[in-house]
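Peer 1: Pasting run-v8.txt here (compact mmCIF, C-alpha atoms and all ligand atoms):
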# COMPACT_ATOMS: atom_id res chain seq x y z
CA MET A 1 0.00 0.00 0.00
CA SER A 2 1.27 3.46 -0.80
CA VAL A 3 0.46 5.70 2.10
CA THR A 4 2.60 8.77 2.09
CA GLY A 5 4.64 8.16 -1.00
CA GLY A 6 3.98 7.83 -4.69
CA SER A 7 0.23 8.37 -4.53
CA ASN A 8 0.38 11.75 -2.86
CA VAL A 9 0.15 13.76 -6.08
CA ASN A 10 -2.88 15.96 -6.47
CA PRO A 11 -5.16 13.91 -8.76
CA HIS A 12 -7.33 16.93 -9.55
CA LEU A 13 -4.37 18.85 -10.85
CA SER A 14 -2.76 16.04 -12.83
CA ALA A 15 -6.05 14.80 -14.34
CA SER A 16 -6.87 18.20 -15.77
CA LYS A 17 -3.32 19.26 -16.62
CA ALA A 18 -3.74 19.14 -20.37
CA ARG A 19 -7.10 20.95 -20.52
CA ILE A 20 -7.03 23.93 -18.16
CA LYS A 21 -6.58 27.51 -19.37
CA ASP A 22 -6.62 29.11 -15.90
CA VAL A 23 -4.48 27.79 -13.04
CA PHE A 24 -7.39 28.47 -10.64
CA THR A 25 -9.63 25.98 -12.48
CA PRO A 26 -8.62 22.81 -10.55
CA ALA A 27 -9.17 24.67 -7.26
CA ARG A 28 -12.63 25.83 -8.32
CA ARG A 29 -13.54 22.33 -9.51
CA PHE A 30 -12.40 20.74 -6.23
CA ARG A 31 -15.85 20.18 -4.66
CA VAL A 32 -15.11 17.33 -2.25
CA PRO A 33 -14.25 19.42 0.84
CA LYS A 34 -17.35 21.57 0.34
CA GLN A 35 -19.58 18.49 0.08
CA VAL A 36 -17.97 16.86 3.11
CA ARG A 37 -18.34 20.09 5.14
CA ALA A 38 -21.98 20.34 4.10
CA MET A 39 -22.54 16.80 5.39
CA GLY A 40 -20.94 17.88 8.70
CA VAL A 41 -18.30 15.13 8.61
CA MET A 42 -15.14 17.01 7.57
CA PRO A 43 -12.41 15.07 9.41
CA TYR A 44 -9.59 17.58 8.89
CA PHE A 45 -8.71 20.99 10.33
CA ARG A 46 -10.78 20.30 13.44
CA GLU A 47 -10.53 23.08 15.99
CA LEU A 48 -8.48 22.07 19.00
CA THR A 49 -9.54 24.24 21.93
CA ARG A 50 -7.22 22.66 24.50
CA ASN A 51 -4.44 20.14 24.09
CA GLU A 52 -3.44 18.44 27.30
CA GLY A 53 -1.53 15.44 25.97
CA PRO A 54 -3.60 12.27 26.42
CA THR A 55 -6.80 14.30 26.62
CA CYS A 56 -7.97 17.35 24.71
CA VAL A 57 -10.97 19.51 23.96
CA ILE A 58 -11.99 19.53 20.28
CA GLU A 59 -14.83 21.81 19.21
CA GLY A 60 -16.00 22.00 22.81
CA ARG A 61 -15.97 18.23 23.38
CA ASP A 62 -13.68 16.44 25.89
CA CYS A 63 -11.78 13.71 24.06
CA VAL A 64 -9.16 11.05 24.58
CA MET A 65 -6.39 11.99 22.15
CA MET A 66 -5.54 8.92 20.06
CA GLY A 67 -4.11 10.79 17.08
CA SER A 68 -0.99 12.67 18.11
CA ASN A 69 2.76 12.14 17.70
CA ASN A 70 3.46 13.24 21.28
CA TYR A 71 4.85 9.74 21.93
CA LEU A 72 6.70 10.49 25.18
CA GLY A 73 3.99 12.81 26.48
CA LEU A 74 6.48 15.67 26.82
CA THR A 75 4.37 18.53 25.43
CA THR A 76 2.83 18.91 28.90
CA ASP A 77 6.07 18.44 30.85
CA LEU A 78 6.69 21.57 32.92
CA ARG A 79 10.48 21.35 32.44
CA VAL A 80 10.01 21.51 28.67
CA ARG A 81 7.48 24.33 28.93
CA GLU A 82 9.67 26.34 31.34
CA ALA A 83 12.72 25.96 29.05
CA ALA A 84 10.69 27.33 26.13
CA ILE A 85 9.30 30.21 28.21
CA LYS A 86 12.77 31.19 29.44
CA ALA A 87 14.19 31.21 25.90
CA LEU A 88 11.23 33.20 24.63
CA ARG A 89 11.67 35.76 27.40
CA GLU A 90 15.42 36.07 27.00
CA GLU A 91 15.87 35.68 23.23
CA GLY A 92 12.55 36.75 21.73
CA PRO A 93 10.02 35.06 19.46
CA SER A 94 12.01 34.97 16.23
CA LEU A 95 15.53 35.34 14.85
CA THR A 96 14.19 37.01 11.69
CA GLY A 97 16.88 35.48 9.53
CA SER A 98 18.28 32.23 8.17
CA ARG A 99 20.84 30.00 9.86
CA LEU A 100 23.40 31.12 7.27
CA LEU A 101 23.15 34.78 8.28
CA ASN A 102 21.86 36.08 11.62
CA GLY A 103 19.88 32.99 12.71
CA THR A 104 22.47 30.76 14.41
CA THR A 105 22.50 31.10 18.21
CA THR A 106 24.49 29.48 21.03
CA GLY A 107 21.38 27.32 21.54
CA HIS A 108 21.40 25.99 17.94
CA ILE A 109 25.07 25.07 18.18
CA ALA A 110 24.61 23.36 21.57
CA LEU A 111 21.62 21.40 20.26
CA GLU A 112 23.62 20.27 17.22
CA ARG A 113 26.39 19.00 19.50
CA LYS A 114 23.80 17.12 21.56
CA ILE A 115 22.30 15.46 18.48
CA ALA A 116 25.72 14.49 17.14
CA ALA A 117 26.66 12.99 20.54
CA LEU A 118 23.30 11.20 20.83
CA HIS A 119 24.01 9.28 17.64
CA GLY A 120 27.80 9.09 17.95
CA ARG A 121 28.30 11.12 14.75
CA GLU A 122 30.93 13.74 13.94
CA ASP A 123 28.51 16.61 13.43
CA ALA A 124 24.83 17.54 13.15
CA LEU A 125 22.74 20.31 11.68
CA VAL A 126 19.39 21.72 12.84
CA PHE A 127 16.77 22.87 10.31
CA THR A 128 13.48 24.71 10.96
CA THR A 129 11.33 21.62 10.27
CA GLY A 130 11.85 17.95 9.49
CA TYR A 131 10.28 18.57 6.08
CA GLN A 132 12.94 21.18 5.36
CA ALA A 133 15.72 18.91 6.63
CA ASN A 134 14.75 16.31 4.04
CA ILE A 135 14.54 18.86 1.25
CA GLY A 136 17.95 20.15 2.39
CA ILE A 137 19.59 16.71 2.52
CA LEU A 138 18.30 15.65 -0.87
CA THR A 139 18.94 18.92 -2.68
CA ALA A 140 22.48 19.05 -1.26
CA LEU A 141 23.36 15.44 -2.14
CA GLY A 142 21.12 14.61 -5.11
CA ALA A 143 23.43 15.96 -7.80
CA GLU A 144 22.90 15.65 -11.53
CA GLY A 145 24.13 12.23 -12.64
CA ALA A 146 23.33 10.62 -9.26
CA CYS A 147 20.38 8.38 -8.42
CA VAL A 148 18.15 8.93 -5.38
CA VAL A 149 16.33 5.74 -4.42
CA VAL A 150 13.36 5.90 -2.04
CA ASP A 151 10.78 3.48 -0.66
CA TRP A 152 7.36 3.88 -2.33
CA GLN A 153 5.85 4.55 1.09
CA SER A 154 8.43 7.05 2.32
CA HIS A 155 7.13 10.29 3.75
CA ALA A 156 6.11 13.12 1.40
CA SER A 157 9.12 15.19 2.51
CA ILE A 158 11.43 12.47 1.17
CA GLN A 159 9.46 12.17 -2.07
CA ASP A 160 9.44 15.96 -2.48
CA GLY A 161 13.16 16.24 -1.67
CA ALA A 162 13.93 13.56 -4.23
CA ARG A 163 11.87 15.36 -6.90
CA THR A 164 13.47 18.71 -6.04
CA SER A 165 16.98 17.31 -6.39
CA LYS A 166 18.73 17.13 -9.76
CA ALA A 167 19.26 13.38 -9.47
CA ARG A 168 17.34 10.60 -11.22
CA VAL A 169 14.62 9.32 -8.82
CA ASP A 170 13.87 5.59 -8.53
CA ARG A 171 11.57 3.82 -6.08
CA PHE A 172 11.47 0.32 -4.61
CA GLN A 173 8.56 -1.70 -3.22
CA HIS A 174 7.82 -0.97 0.40
CA ASN A 175 10.38 -2.56 2.76
CA ASP A 176 11.46 -4.95 -0.01
CA ALA A 177 15.25 -5.25 0.16
CA GLU A 178 15.39 -7.53 -2.90
CA ASP A 179 13.60 -4.94 -5.00
CA LEU A 180 15.98 -2.32 -3.61
CA GLY A 181 18.87 -4.52 -4.76
CA ARG A 182 17.42 -4.63 -8.29
CA VAL A 183 17.00 -0.85 -8.43
CA LEU A 184 20.54 -0.31 -7.12
CA ALA A 185 22.02 -2.79 -9.60
CA LYS A 186 20.45 -0.77 -12.45
CA ALA A 187 21.86 2.49 -11.06
CA ALA A 188 25.30 0.85 -10.87
CA GLU A 189 24.98 -0.35 -14.49
CA ARG A 190 24.29 3.25 -15.54
CA GLY A 191 27.34 4.38 -13.53
CA GLU A 192 25.23 6.56 -11.20
CA PRO A 193 26.30 6.96 -7.55
CA ALA A 194 23.24 6.09 -5.45
CA LEU A 195 21.69 7.57 -2.32
CA VAL A 196 19.00 5.49 -0.62
CA MET A 197 16.61 7.21 1.78
CA VAL A 198 14.01 5.44 3.93
CA ASP A 199 11.85 6.13 6.96
CA GLY A 200 13.06 4.16 10.00
CA LEU A 201 9.49 3.85 11.29
CA TYR A 202 6.64 4.41 8.83
CA SER A 203 4.28 7.15 9.90
CA MET A 204 0.94 5.67 8.85
CA GLU A 205 1.20 1.90 9.23
CA GLY A 206 3.70 1.95 12.10
CA ASP A 207 5.95 -0.71 10.55
CA ILE A 208 9.74 -0.65 10.81
CA ALA A 209 12.25 -0.55 7.93
CA PRO A 210 14.27 -3.81 7.78
CA LEU A 211 17.58 -2.04 8.38
CA PRO A 212 19.81 -5.15 8.28
CA TRP A 213 18.65 -6.05 4.76
CA ILE A 214 18.53 -2.48 3.47
CA SER A 215 22.00 -1.76 4.80
CA GLU A 216 23.36 -4.97 3.27
CA GLN A 217 22.01 -4.01 -0.18
CA CYS A 218 23.48 -0.51 0.12
CA LYS A 219 26.90 -1.94 1.03
CA ARG A 220 26.75 -4.50 -1.78
CA HIS A 221 26.02 -1.83 -4.39
CA GLY A 222 28.18 0.95 -2.91
CA ALA A 223 25.16 3.18 -2.16
CA ARG A 224 24.90 5.72 0.67
CA LEU A 225 22.03 5.25 3.13
CA VAL A 226 19.98 7.95 4.91
CA VAL A 227 17.49 6.85 7.59
CA ASP A 228 14.76 9.29 8.60
CA ASP A 229 14.02 8.61 12.27
CA ALA A 230 11.24 11.22 12.57
CA HIS A 231 8.91 8.72 14.27
CA ALA A 232 11.58 6.33 15.57
CA LEU A 233 13.31 8.80 17.91
CA GLY A 234 11.93 8.31 21.40
CA VAL A 235 10.14 5.12 20.35
CA LEU A 236 12.62 2.53 19.00
CA GLY A 237 15.56 1.11 20.96
CA PRO A 238 15.77 0.86 24.75
CA SER A 239 16.94 4.47 25.15
CA GLY A 240 14.79 5.79 22.27
CA ARG A 241 17.75 6.53 20.00
CA GLY A 242 15.87 5.04 17.05
CA THR A 243 16.18 2.46 14.28
CA GLU A 244 19.91 1.73 14.56
CA GLU A 245 19.54 1.09 18.30
CA HIS A 246 16.45 -1.08 17.72
CA PHE A 247 18.47 -3.41 15.46
CA GLY A 248 21.74 -3.06 17.45
CA MET A 249 23.36 -1.63 14.30
CA HIS A 250 25.07 1.57 15.36
CA GLY A 251 26.57 3.32 12.33
CA ALA A 252 24.54 1.37 9.73
CA ALA A 253 23.25 4.60 8.16
CA ASP A 254 25.60 7.10 6.55
CA LEU A 255 23.26 9.86 7.69
CA LEU A 256 20.48 9.91 10.27
CA CYS A 257 17.81 12.58 10.27
CA GLY A 258 14.53 13.38 11.96
CA THR A 259 12.37 15.96 13.63
CA PHE A 260 11.75 17.50 17.03
CA SER A 261 8.02 17.70 16.27
CA LYS A 262 7.06 14.29 17.63
CA SER A 263 8.70 12.67 20.70
CA LEU A 264 10.65 15.84 21.47
CA ALA A 265 7.58 18.03 21.91
CA SER A 266 8.82 20.91 19.79
CA ILE A 267 9.40 21.64 16.12
CA GLY A 268 12.56 21.51 13.99
CA GLY A 269 14.50 19.06 11.83
CA TRP A 270 17.97 17.55 12.21
CA VAL A 271 20.57 15.54 10.34
CA ALA A 272 23.70 13.88 11.76
CA GLY A 273 26.73 12.31 10.09
CA GLU A 274 30.23 12.85 8.74
CA ALA A 275 31.55 16.37 9.36
CA ASP A 276 32.39 17.15 5.72
CA VAL A 277 28.94 16.10 4.54
CA ILE A 278 27.15 18.07 7.24
CA ASP A 279 29.26 21.13 6.42
CA TRP A 280 28.32 20.75 2.73
CA MET A 281 24.64 20.86 3.76
CA ARG A 282 25.26 24.04 5.78
CA PHE A 283 25.89 25.75 2.47
CA PHE A 284 23.92 23.69 -0.06
CA GLY A 285 20.90 22.46 1.92
CA ARG A 286 18.64 25.12 0.46
CA PRO A 287 16.19 25.62 3.38
CA MET A 288 19.24 26.25 5.62
CA VAL A 289 20.10 29.24 3.46
CA PHE A 290 16.75 30.51 2.26
CA SER A 291 14.36 30.08 5.20
CA ALA A 292 14.32 31.63 8.68
CA SER A 293 15.92 29.62 11.48
CA LEU A 294 14.27 27.65 14.26
CA PRO A 295 13.06 30.07 16.99
CA PRO A 296 14.89 30.00 20.38
CA ALA A 297 11.85 28.68 22.29
CA SER A 298 11.66 25.67 19.96
CA VAL A 299 15.41 25.05 20.29
CA ALA A 300 15.14 25.17 24.09
CA ALA A 301 12.08 22.88 24.22
CA ALA A 302 13.72 20.27 21.97
CA SER A 303 16.92 20.38 23.99
CA ALA A 304 15.08 19.97 27.32
CA ALA A 305 12.94 17.13 25.92
CA LEU A 306 16.01 15.31 24.64
CA ASP A 307 17.62 15.49 28.10
CA ILE A 308 14.44 14.09 29.66
CA MET A 309 14.20 11.28 27.10
CA LEU A 310 17.72 10.14 28.03
CA ALA A 311 17.31 10.63 31.79
CA GLU A 312 13.94 8.88 31.95
CA PRO A 313 14.06 5.80 29.70
CA TRP A 314 10.92 4.51 31.44
CA ARG A 315 8.99 6.81 29.08
CA VAL A 316 10.26 4.88 26.06
CA ALA A 317 9.33 1.60 27.75
CA ARG A 318 5.89 2.96 28.74
CA VAL A 319 4.89 4.12 25.26
CA ASN A 320 5.81 0.69 23.91
CA GLU A 321 3.88 -1.11 26.68
CA ASN A 322 0.86 1.06 25.89
CA ALA A 323 1.28 0.28 22.19
CA GLU A 324 1.39 -3.44 22.86
CA TYR A 325 -1.78 -3.24 24.98
CA TRP A 326 -3.64 -1.07 22.46
CA ARG A 327 -2.68 -3.20 19.47
CA ARG A 328 -3.44 -6.50 21.22
CA SER A 329 -6.81 -5.23 22.46
CA LEU A 330 -7.82 -3.98 19.01
CA GLY A 331 -6.72 -7.29 17.49
CA SER A 332 -8.77 -9.30 19.96
CA LEU A 333 -11.83 -7.21 19.08
CA GLY A 334 -11.32 -8.27 15.46
CA PHE A 335 -9.73 -5.13 13.98
CA ASP A 336 -7.06 -5.32 11.27
CA THR A 337 -4.05 -3.33 12.53
CA GLY A 338 -1.86 -4.09 9.50
CA ALA A 339 1.88 -4.44 10.02
CA SER A 340 2.11 -2.15 13.04
CA ALA A 341 5.05 -2.87 15.36
CA SER A 342 5.12 0.44 17.19
CA PRO A 343 2.98 3.09 18.96
CA ILE A 344 1.46 3.93 15.55
CA VAL A 345 -1.46 1.54 15.13
CA PRO A 346 -3.72 1.81 12.04
CA ILE A 347 -7.25 0.49 12.16
CA ILE A 348 -7.83 -0.57 8.56
CA ILE A 349 -11.41 0.15 7.49
CA GLY A 350 -11.27 -0.10 3.69
CA ASP A 351 -14.04 2.20 2.48
CA ASP A 352 -13.28 5.96 2.52
CA LEU A 353 -16.74 7.10 3.57
CA LYS A 354 -16.97 4.50 6.31
CA ALA A 355 -13.58 5.62 7.69
CA ILE A 356 -14.74 9.25 7.67
CA MET A 357 -18.06 8.35 9.30
CA MET A 358 -16.33 6.26 11.93
CA GLY A 359 -13.85 9.06 12.68
CA LYS A 360 -16.75 11.49 13.12
CA GLN A 361 -18.76 9.16 15.35
CA LEU A 362 -15.69 8.44 17.48
CA LEU A 363 -15.18 12.17 17.89
CA ASP A 364 -18.82 12.64 18.85
CA ALA A 365 -18.33 9.92 21.46
CA GLY A 366 -15.11 11.51 22.80
CA VAL A 367 -12.21 9.80 20.98
CA TYR A 368 -9.99 11.64 18.49
CA VAL A 369 -8.34 9.57 15.71
CA ASN A 370 -6.99 10.49 12.25
CA PRO A 371 -8.98 9.21 9.25
CA VAL A 372 -6.70 8.59 6.25
CA VAL A 373 -8.45 8.16 2.89
CA HIS A 374 -7.71 8.06 -0.85
CA PRO A 375 -5.50 9.53 -2.41
CA ALA A 376 -3.30 9.38 0.71
CA VAL A 377 -3.95 5.62 0.60
CA PRO A 378 -5.05 3.47 -2.37
CA ARG A 379 -8.78 3.00 -2.85
CA ASP A 380 -10.30 0.47 -0.42
CA MET A 381 -7.44 0.92 2.04
CA ALA A 382 -8.86 3.78 4.13
CA MET A 383 -7.75 3.65 7.75
CA LEU A 384 -8.00 5.35 11.10
CA ARG A 385 -4.46 6.18 12.17
CA THR A 386 -4.21 5.87 15.94
CA SER A 387 -1.16 6.41 18.14
CA VAL A 388 -0.43 6.06 21.83
CA MET A 389 1.66 8.09 24.28
CA ALA A 390 3.71 7.27 27.38
CA SER A 391 1.30 9.52 29.28
CA HIS A 392 -1.83 7.55 28.38
CA GLN A 393 -3.15 5.80 31.47
CA ARG A 394 -4.76 2.37 31.09
CA SER A 395 -8.08 4.09 31.84
CA HIS A 396 -7.64 6.35 28.77
CA LEU A 397 -6.95 3.36 26.54
CA ASP A 398 -9.85 1.33 27.98
CA GLN A 399 -12.23 4.27 27.55
CA ALA A 400 -11.12 4.65 23.93
CA LEU A 401 -11.37 0.89 23.28
CA ASP A 402 -14.90 0.80 24.61
CA VAL A 403 -15.96 3.66 22.31
CA VAL A 404 -14.11 2.26 19.27
CA GLU A 405 -15.79 -1.12 19.75
CA LYS A 406 -19.30 0.36 20.10
CA VAL A 407 -18.97 2.64 17.07
CA ALA A 408 -17.38 -0.10 14.93
CA ARG A 409 -20.18 -2.55 15.76
CA LYS A 410 -22.77 0.08 14.88
CA LEU A 411 -21.09 0.68 11.52
CA ARG A 412 -20.50 -3.09 11.02
CA VAL A 413 -16.75 -2.65 10.77
CA ILE A 414 -16.36 -5.62 13.16
C1 LIG A 501 9.14 10.41 8.18
C2 LIG A 501 8.90 11.87 8.34
N1 LIG A 501 9.86 12.73 7.97
C3 LIG A 501 9.70 14.06 8.09
C4 LIG A 501 8.56 14.59 8.61
C5 LIG A 501 8.39 16.09 8.69
O1 LIG A 501 8.63 16.54 9.97
P1 LIG A 501 8.18 18.00 10.42
O2 LIG A 501 6.83 17.89 11.02
O3 LIG A 501 9.22 18.39 11.41
O4 LIG A 501 8.22 18.87 9.22
C6 LIG A 501 7.54 13.75 9.03
C7 LIG A 501 6.30 14.32 9.59
O5 LIG A 501 5.29 13.72 9.71
C8 LIG A 501 7.71 12.36 8.88
O6 LIG A 501 6.74 11.51 9.23
Can I see the file as structure tokens?
Ligand SMILES: Cc1ncc(COP(=O)(O)O)c(C=O)c1O
Peer 2:
Amino acid sequence: MSVTGGSNVNPHLSASKARIKDVFTPARRFRVPKQVRAMGVMPYFRELTRNEGPTCVIEGRDCVMMGSNNYLGLTTDLRVREAAIKALREEGPSLTGSRLLNGTTTGHIALERKIAALHGREDALVFTTGYQANIGILTALGAEGACVVVDWQSHASIQDGARTSKARVDRFQHNDAEDLGRVLAKAAERGEPALVMVDGLYSMEGDIAPLPWISEQCKRHGARLVVDDAHALGVLGPSGRGTEEHFGMHGAADLLCGTFSKSLASIGGWVAGEADVIDWMRFFGRPMVFSASLPPASVAAASAALDIMLAEPWRVARVNENAEYWRRSLGSLGFDTGASASPIVPIIIGDDLKAIMMGKQLLDAGVYVNPVVHPAVPRDMAMLRTSVMASHQRSHLDQALDVVEKVARKLRVI
């Protein structure tokens, strides 16, 4: 199934590409959101009145939050909040400039050292978002004459970075190391140096990249490997260091990257690796040069959250225990949770409208989940993306399970 990858082109735009005379035409023809709003079931852009980690208030209704990437529950941690407040007070809300010029502070440099040390790499670089980090990595390294190879289900930021680069772009079947080998063999035949980029932990289905096999293929074909640990940081490996730690394969990736916007309760992207390569990205990773730098409060929050993650490994254990409980309970109720092996647990529904209806009825009954429908997934593969946090109590999960079961029975999903 292609969740975040190849299918995420705008079908309305591409279908009408040849015929339109006005670039506004596809937007004016795009009726679906208006129809869905009129039916009162629009699942996206819901108004969050209060966000208190495992619980929240959405459009005036108290809900259990089962659709957030706050895996370690640190957005509500007072130490993280105080660090952000102090930085805001002392350094202001914005640096009003890019990292290259006036936007690099003592805090950015300290955070980069922390990230490099966390992963045992020579150097690291902090971007304003994880999306930008991936655009930066791939535009800096995807030179003309090279080949960027990505998993079909890799995140949109990886797909977009690959397209933005000057390299040839090839894709391999999801988590299929043999197919990767075939694609890399072809690149080698053409004499193109290859860069493979994969998600460590896939954001929709919650399955893990088979690093041992992917790394072996990269070594065999002389390709460089980048692993995006956006969702893996704080979740995989006993200390939460991510995919390499999960497989006991420190150093398997040539570059590691990720975001502060999930387990680390902030916003911002990062990449870590060999000093020369990181320095190259300082100058040629385009968002580093042409977009304003991460604000001090976000730097401080990420840094505080990282310290807490390392000092309190029980959080990593707890989120995984909660995941195990949630996944097992859904399975025993008869739900299909796909290939999930992490705190991201999809409930596969199939039909788009049914997934939207179920999301709405869950919300009405006090449980927030994320409906994911075509074209983000292929037709008949609509799902409710759920995710757990270290700060969910058993009572939150049981309350949500009870509601999910009732609504699913009513809609004949189980
Ligand atoms: C694998 C992956 N990479 C990158 C990103 C982008 O991160 P950010 O939210 O920091 O832009 C995401 C966000 O969902 C992601 O899932």
Peer 1: Taking only C-alpha atoms and all ligand atoms and a cut-off of 8 Å, can you tell me which residues surround ligand LIG 501 (chain A), written as a PyMOL selection string?
Peer 2: chain A and resi 128-134+154-158+199-203+228-231+258-262+267-269
Peer 1: Atom CA of A:Ala355 and atom CA of A:Tyr325 are how many Å apart?
Peer 2: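 Atom CA of A:Tyr325 lies 22.7 Å from atom CA of A:Ala355.
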Peer 1: Which residue is closest to A:Leu225? Choose from A:Ser298, A:Leu401, A:Val149, A:Thr243 and count all atoms listed in the file.
Peer 2: A:Val149
Peer 1: Name all residues at most 10 Å from A:Tyr44 (count only C-alpha atoms; drop same-chain ones fewer than 6 positions away) and give them as a PyMOL selection string.
Peer 2: chain A and resi 33+37+356+370-372
Peer 1: Compare A:Glu205, A:Asp307, A:Glu312, A:Asp398 by their minimum atom-to-atom distance to A:Val377, counting all atoms listed in the file, and give me the closest one.
Peer 2: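 Among A:Glu205, A:Asp307, A:Glu312, A:Asp398, it is A:Glu205 that comes nearest to A:Val377.
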Peer 1: Taking all atoms listed in the file into account, name the residue in A:Ser68, A:Ser266, A:Ser215, A:Gln361 that is nearest to A:His250.
Peer 2: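 Result for the nearest residue to A:His250: A:Ser215.
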